[in-house]
Amino acid sequence: MKLAAIIMAGIVLAVVLLVGTFVALTWAPERELAELQGRWALPPSVFLEVAGMRVHLRDEGPREDQSPIVLLHGSGASLHVWEGWAAALKHRRRVIRFDLPGFGLTGPSPNGLYGIDADMRLLIALLDRLGIERCVLGGNSLGGAVAWRTALVRPARVERLILVDAGGYPANPTAVPLGFRLMAIPGASWVLKYTLPRILVEEGLRSTFGDPGKVTPELVDRYVELTQREGNRDAFIARSRQRRPGTFADRIGELRVPTLIIWGGRDRLMSPDNARRFHADIPGSTLVVLDDLGHQPEEEDPARTVAAVKSFLDLE
């Protein structure tokens with residue numbers, strides 16, 4: 001018994017030392033908004049007071065556009081993922097993108113709520129704040145789920161819908177980034193709150209791209225630094241615990257808005273089968289599958305993905 005106790009104590013000590021070494025090597029304290037703005041909130045970025053938050057926003061293109069294009073990013077991302085689309089569209093259409101609560105530079109929600117309903121309320125409040133009655137609404141992953149749910153419950157506000165590897169149906173992933181898997185381990189969220197291994201971020205990005213070689217050091221820099229924004233890691237943990245995947249999926253067939261569905265054929269987080277399911281359930285929808293792209297095709301290949309958008313919006 002004494003030997004067993006000594007062995008157990010040794011194991012515990014080894015684990016403590018291992019965790020301590022890991023934390024020391026990957027320690028990444030939170031960073032204040034002011035510290036990050038100089039790099040990630042250059043013009044045309046602005047901050048608007050909406051629903052008790054200072055929302056980081058980019059609003060470009062002709063103000064006379066009666067139905068602006070509003071773009072919502074996915075989990076862990078920011079408004080920057082739409083840079084290529086905005087550059088291609090802003091000369092003819094007004095393009096609005098913003099950081100959802102707990103991501104990018106918007107920061108955490110003051111009430112700690114991060115479900116789809118809370119995201120929809122912020123979206124509608126932002127549209128009201130900007131005086132926009134109707135828009136073309138698009139989103140990737142989480143943003144796609146917010147987009148179609150908004151079109152379902154507030155159809156008068158959505159003229160057209162663009163779903164890019166959108167959440168909605170059971171994901172059936174064939175690969176999940178290590179960071180997401182660690183979030184499910186009891187106690188691991190505490191470690192993730194105070195550390196940020198760059199290799200973990202890079203692995204997550206590489207798993208979402210069809211061609212991992214397109215993940216550049218500059219791209220990893222952006223994701224790492226914006227994740228360090230004060231409050232974002234707490235918000236990410238809270239959002240993961242508040243997720244209710246599959247909610248309202250049985251109502252997708254009620255959508256009656258012209259819809260473009262863009263999907264990466266190499267999406268390992270949300271099966272391309274879901275693209276075909278959206279297409280079958282939404283009457284009159286248009287489906288574009290790009291076989292060599294992954295879960296974030298708008299960022300991996302903005303030129304090819306925005307070409308489908310231009311065709312859908314008659315901008316060619």
# chains A, B, ... in the order shown; residues from 1 in each chain; ligands from 1
>>> select_by_dssp(residues="stretch 90-207 of chain A", states="strand (DSSP E)", output="VMD selection string")
chain A and resid 95 to 98 135 to 141 158 to 166
>>> write_last_selection(atoms="all heavy atoms", output="short mmCIF file (atom, residue, chain, number, x, y, z; two decimals), in the first residue's frame")
data_model
loop_
_atom_site.label_atom_id
_atom_site.label_comp_id
_atom_site.auth_asym_id
_atom_site.auth_seq_id
_atom_site.Cartn_x
_atom_site.Cartn_y
_atom_site.Cartn_z
N VAL A 95 -21.66 46.76 -48.48
CA VAL A 95 -21.29 45.52 -47.81
C VAL A 95 -21.00 45.82 -46.34
O VAL A 95 -20.16 46.66 -46.01
CB VAL A 95 -20.04 44.88 -48.46
CG1 VAL A 95 -19.71 43.55 -47.76
CG2 VAL A 95 -20.26 44.66 -49.95
N ILE A 96 -21.71 45.12 -45.47
CA ILE A 96 -21.58 45.33 -44.02
C ILE A 96 -21.17 44.02 -43.36
O ILE A 96 -21.74 42.97 -43.64
CB ILE A 96 -22.92 45.81 -43.42
CG1 ILE A 96 -23.32 47.16 -44.04
CG2 ILE A 96 -22.83 45.92 -41.90
CD1 ILE A 96 -24.75 47.56 -43.76
N ARG A 97 -20.17 44.08 -42.54
CA ARG A 97 -19.75 42.89 -41.78
C ARG A 97 -19.35 43.35 -40.38
O ARG A 97 -18.88 44.46 -40.19
CB ARG A 97 -18.60 42.18 -42.49
CG ARG A 97 -17.46 43.09 -42.89
CD ARG A 97 -16.69 42.59 -44.12
NE ARG A 97 -15.87 43.62 -44.70
CZ ARG A 97 -14.54 43.69 -44.64
NH1 ARG A 97 -13.85 42.75 -44.01
NH2 ARG A 97 -13.89 44.68 -45.20
N PHE A 98 -19.56 42.48 -39.40
CA PHE A 98 -19.23 42.85 -38.03
C PHE A 98 -18.83 41.63 -37.23
O PHE A 98 -19.11 40.49 -37.62
CB PHE A 98 -20.40 43.58 -37.36
CG PHE A 98 -21.64 42.75 -37.16
CD1 PHE A 98 -21.90 42.14 -35.94
CD2 PHE A 98 -22.58 42.60 -38.18
CE1 PHE A 98 -23.04 41.38 -35.74
CE2 PHE A 98 -23.73 41.84 -38.00
CZ PHE A 98 -23.96 41.22 -36.77
N CYS A 135 -32.21 43.38 -46.34
CA CYS A 135 -30.83 43.14 -46.74
C CYS A 135 -30.68 41.78 -47.41
O CYS A 135 -31.57 40.92 -47.33
CB CYS A 135 -29.90 43.22 -45.53
SG CYS A 135 -30.10 41.85 -44.35
N VAL A 136 -29.54 41.61 -48.08
CA VAL A 136 -29.08 40.29 -48.51
C VAL A 136 -28.24 39.78 -47.35
O VAL A 136 -27.25 40.41 -46.98
CB VAL A 136 -28.23 40.38 -49.79
CG1 VAL A 136 -27.65 39.02 -50.14
CG2 VAL A 136 -29.07 40.93 -50.95
N LEU A 137 -28.62 38.67 -46.77
CA LEU A 137 -27.97 38.19 -45.54
C LEU A 137 -27.20 36.91 -45.82
O LEU A 137 -27.75 35.93 -46.33
CB LEU A 137 -29.02 37.95 -44.46
CG LEU A 137 -28.52 37.57 -43.07
CD1 LEU A 137 -27.58 38.63 -42.51
CD2 LEU A 137 -29.70 37.36 -42.11
N GLY A 138 -25.91 36.94 -45.50
CA GLY A 138 -25.07 35.77 -45.73
C GLY A 138 -24.28 35.41 -44.49
O GLY A 138 -24.01 36.26 -43.64
N GLY A 139 -23.91 34.13 -44.38
CA GLY A 139 -23.11 33.72 -43.24
C GLY A 139 -22.44 32.39 -43.45
O GLY A 139 -22.92 31.54 -44.20
N ASN A 140 -21.30 32.24 -42.79
CA ASN A 140 -20.53 31.00 -42.82
C ASN A 140 -20.66 30.29 -41.47
O ASN A 140 -20.56 30.93 -40.42
CB ASN A 140 -19.06 31.29 -43.11
CG ASN A 140 -18.15 30.10 -42.87
OD1 ASN A 140 -17.26 30.14 -42.03
ND2 ASN A 140 -18.37 29.03 -43.60
N SER A 141 -20.90 28.99 -41.49
CA SER A 141 -20.90 28.16 -40.28
C SER A 141 -21.89 28.71 -39.25
O SER A 141 -23.09 28.76 -39.52
CB SER A 141 -19.47 28.07 -39.72
OG SER A 141 -19.35 27.05 -38.77
N VAL A 158 -35.15 40.07 -44.83
CA VAL A 158 -34.16 39.36 -45.66
C VAL A 158 -34.67 39.20 -47.09
O VAL A 158 -35.63 38.47 -47.34
CB VAL A 158 -33.83 37.97 -45.06
CG1 VAL A 158 -32.79 37.26 -45.90
CG2 VAL A 158 -33.36 38.11 -43.61
N GLU A 159 -34.02 39.89 -48.02
CA GLU A 159 -34.41 39.81 -49.42
C GLU A 159 -33.87 38.53 -50.07
O GLU A 159 -34.57 37.84 -50.82
CB GLU A 159 -33.87 41.02 -50.18
CG GLU A 159 -34.21 40.98 -51.67
CD GLU A 159 -33.41 41.99 -52.48
OE1 GLU A 159 -32.41 42.52 -51.97
OE2 GLU A 159 -33.80 42.23 -53.64
N ARG A 160 -32.60 38.22 -49.78
CA ARG A 160 -31.96 37.02 -50.29
C ARG A 160 -31.05 36.46 -49.20
O ARG A 160 -30.61 37.19 -48.31
CB ARG A 160 -31.15 37.31 -51.56
CG ARG A 160 -32.01 37.71 -52.75
CD ARG A 160 -31.17 37.84 -54.01
NE ARG A 160 -32.02 38.18 -55.15
CZ ARG A 160 -31.86 37.68 -56.37
NH1 ARG A 160 -30.88 36.82 -56.62
NH2 ARG A 160 -32.66 38.03 -57.34
N LEU A 161 -30.75 35.16 -49.33
CA LEU A 161 -29.99 34.46 -48.31
C LEU A 161 -28.80 33.74 -48.96
O LEU A 161 -28.94 33.12 -50.00
CB LEU A 161 -30.92 33.44 -47.64
CG LEU A 161 -30.41 32.64 -46.43
CD1 LEU A 161 -30.06 33.57 -45.27
CD2 LEU A 161 -31.49 31.64 -46.00
N ILE A 162 -27.64 33.86 -48.31
CA ILE A 162 -26.42 33.18 -48.79
C ILE A 162 -25.87 32.33 -47.65
O ILE A 162 -25.46 32.87 -46.61
CB ILE A 162 -25.36 34.19 -49.27
CG1 ILE A 162 -25.92 35.08 -50.38
CG2 ILE A 162 -24.10 33.45 -49.75
CD1 ILE A 162 -24.99 36.24 -50.75
N LEU A 163 -25.87 31.02 -47.83
CA LEU A 163 -25.39 30.10 -46.80
C LEU A 163 -24.07 29.48 -47.24
O LEU A 163 -24.01 28.83 -48.28
CB LEU A 163 -26.44 29.01 -46.56
CG LEU A 163 -27.84 29.48 -46.16
CD1 LEU A 163 -28.77 28.30 -45.97
CD2 LEU A 163 -27.77 30.34 -44.89
N VAL A 164 -23.04 29.68 -46.44
CA VAL A 164 -21.70 29.18 -46.77
C VAL A 164 -21.30 28.16 -45.70
O VAL A 164 -21.03 28.54 -44.55
CB VAL A 164 -20.67 30.33 -46.83
CG1 VAL A 164 -19.32 29.81 -47.27
CG2 VAL A 164 -21.15 31.45 -47.75
N ASP A 165 -21.33 26.87 -46.06
CA ASP A 165 -21.01 25.82 -45.09
C ASP A 165 -21.72 26.12 -43.76
O ASP A 165 -21.10 26.18 -42.70
CB ASP A 165 -19.49 25.69 -44.91
CG ASP A 165 -18.80 25.22 -46.17
OD1 ASP A 165 -18.79 25.99 -47.17
OD2 ASP A 165 -18.30 24.10 -46.20
N ALA A 166 -23.01 26.30 -43.85
CA ALA A 166 -23.81 26.82 -42.73
C ALA A 166 -24.17 25.75 -41.72
O ALA A 166 -24.40 24.59 -42.05
CB ALA A 166 -25.08 27.48 -43.27
#
>>> select_by_dssp(residues="stretch 60-92 of chain A", states="helix (DSSP H, G or I)", output="ChimeraX atom specification")
/A:79-89
>>> write_last_selection(atoms="N, CA and C atoms", output="PDB file, in the first residue's frame")
ATOM      1  N   LEU A  79     -14.794  39.484 -38.669  1.00  0.00           N
ATOM      2  CA  LEU A  79     -15.233  40.114 -39.921  1.00  0.00           C
ATOM      3  C   LEU A  79     -14.177  40.049 -41.013  1.00  0.00           C
ATOM      4  N   HIS A  80     -12.912  39.815 -40.631  1.00  0.00           N
ATOM      5  CA  HIS A  80     -11.826  39.801 -41.607  1.00  0.00           C
ATOM      6  C   HIS A  80     -11.940  38.654 -42.612  1.00  0.00           C
ATOM      7  N   VAL A  81     -12.692  37.605 -42.283  1.00  0.00           N
ATOM      8  CA  VAL A  81     -12.787  36.474 -43.226  1.00  0.00           C
ATOM      9  C   VAL A  81     -13.468  36.890 -44.531  1.00  0.00           C
ATOM     10  N   TRP A  82     -14.211  37.996 -44.506  1.00  0.00           N
ATOM     11  CA  TRP A  82     -14.949  38.447 -45.689  1.00  0.00           C
ATOM     12  C   TRP A  82     -14.185  39.504 -46.484  1.00  0.00           C
ATOM     13  N   GLU A  83     -12.918  39.702 -46.202  1.00  0.00           N
ATOM     14  CA  GLU A  83     -12.160  40.774 -46.846  1.00  0.00           C
ATOM     15  C   GLU A  83     -12.199  40.656 -48.371  1.00  0.00           C
ATOM     16  N   GLY A  84     -12.006  39.446 -48.887  1.00  0.00           N
ATOM     17  CA  GLY A  84     -12.010  39.248 -50.329  1.00  0.00           C
ATOM     18  C   GLY A  84     -13.364  39.533 -50.949  1.00  0.00           C
ATOM     19  N   TRP A  85     -14.413  39.092 -50.293  1.00  0.00           N
ATOM     20  CA  TRP A  85     -15.768  39.368 -50.807  1.00  0.00           C
ATOM     21  C   TRP A  85     -16.065  40.865 -50.800  1.00  0.00           C
ATOM     22  N   ALA A  86     -15.721  41.528 -49.703  1.00  0.00           N
ATOM     23  CA  ALA A  86     -15.993  42.960 -49.601  1.00  0.00           C
ATOM     24  C   ALA A  86     -15.264  43.731 -50.700  1.00  0.00           C
ATOM     25  N   ALA A  87     -14.015  43.382 -50.943  1.00  0.00           N
ATOM     26  CA  ALA A  87     -13.241  44.068 -51.983  1.00  0.00           C
ATOM     27  C   ALA A  87     -13.863  43.887 -53.355  1.00  0.00           C
ATOM     28  N   ALA A  88     -14.449  42.713 -53.615  1.00  0.00           N
ATOM     29  CA  ALA A  88     -15.031  42.417 -54.926  1.00  0.00           C
ATOM     30  C   ALA A  88     -16.430  43.000 -55.102  1.00  0.00           C
ATOM     31  N   LEU A  89     -17.121  43.257 -54.007  1.00  0.00           N
ATOM     32  CA  LEU A  89     -18.533  43.656 -54.100  1.00  0.00           C
ATOM     33  C   LEU A  89     -18.795  45.130 -53.799  1.00  0.00           C
TER      34      LEU A  89
END
>>> residues_around(residues="A:Leu127", least_positions_apart="2", cutoff="12 Å", atoms="only C-alpha atoms", output="number ranges by chain")
A: 48, 50-51, 57, 59, 67-70, 96-98, 120-125, 129-137, 150, 157-158
>>> closest_residue(among="A:Gly61, A:Pro245, A:Gly104, A:Gly210", to="A:Tyr223", atoms="only C-alpha atoms")
A:Gly104
>>> closest_residue(among="A:Arg239, A:Arg268, A:Arg229, A:Lys310", to="A:Arg92", atoms="only C-alpha atoms")
A:Lys310
>>> residues_around(residues="stretch 272-284 of chain A", least_positions_apart="5", cutoff="12 Å", atoms="only C-alpha atoms", output="PyMOL selection string")
chain A and resi 141+144-145+148+151-152+160-174+246+249-267+289-295
>>> atom_distance(atom1="atom CA of A:Glu203", atom2="atom CA of A:Val215")
9.5 Å
>>> atom_distance(atom1="atom CA of A:Val224", atom2="atom CA of A:Glu32")
13.9 Å
>>> closest_residue(among="A:Asp221, A:Glu299, A:Asp211, A:Asp99", to="A:Arg58", atoms="only C-alpha atoms")
A:Asp99
>>> closest_residue(among="A:Thr286, A:Gln296, A:Thr305, A:Ser240", to="A:Gly102", atoms="only C-alpha atoms")
A:Ser240
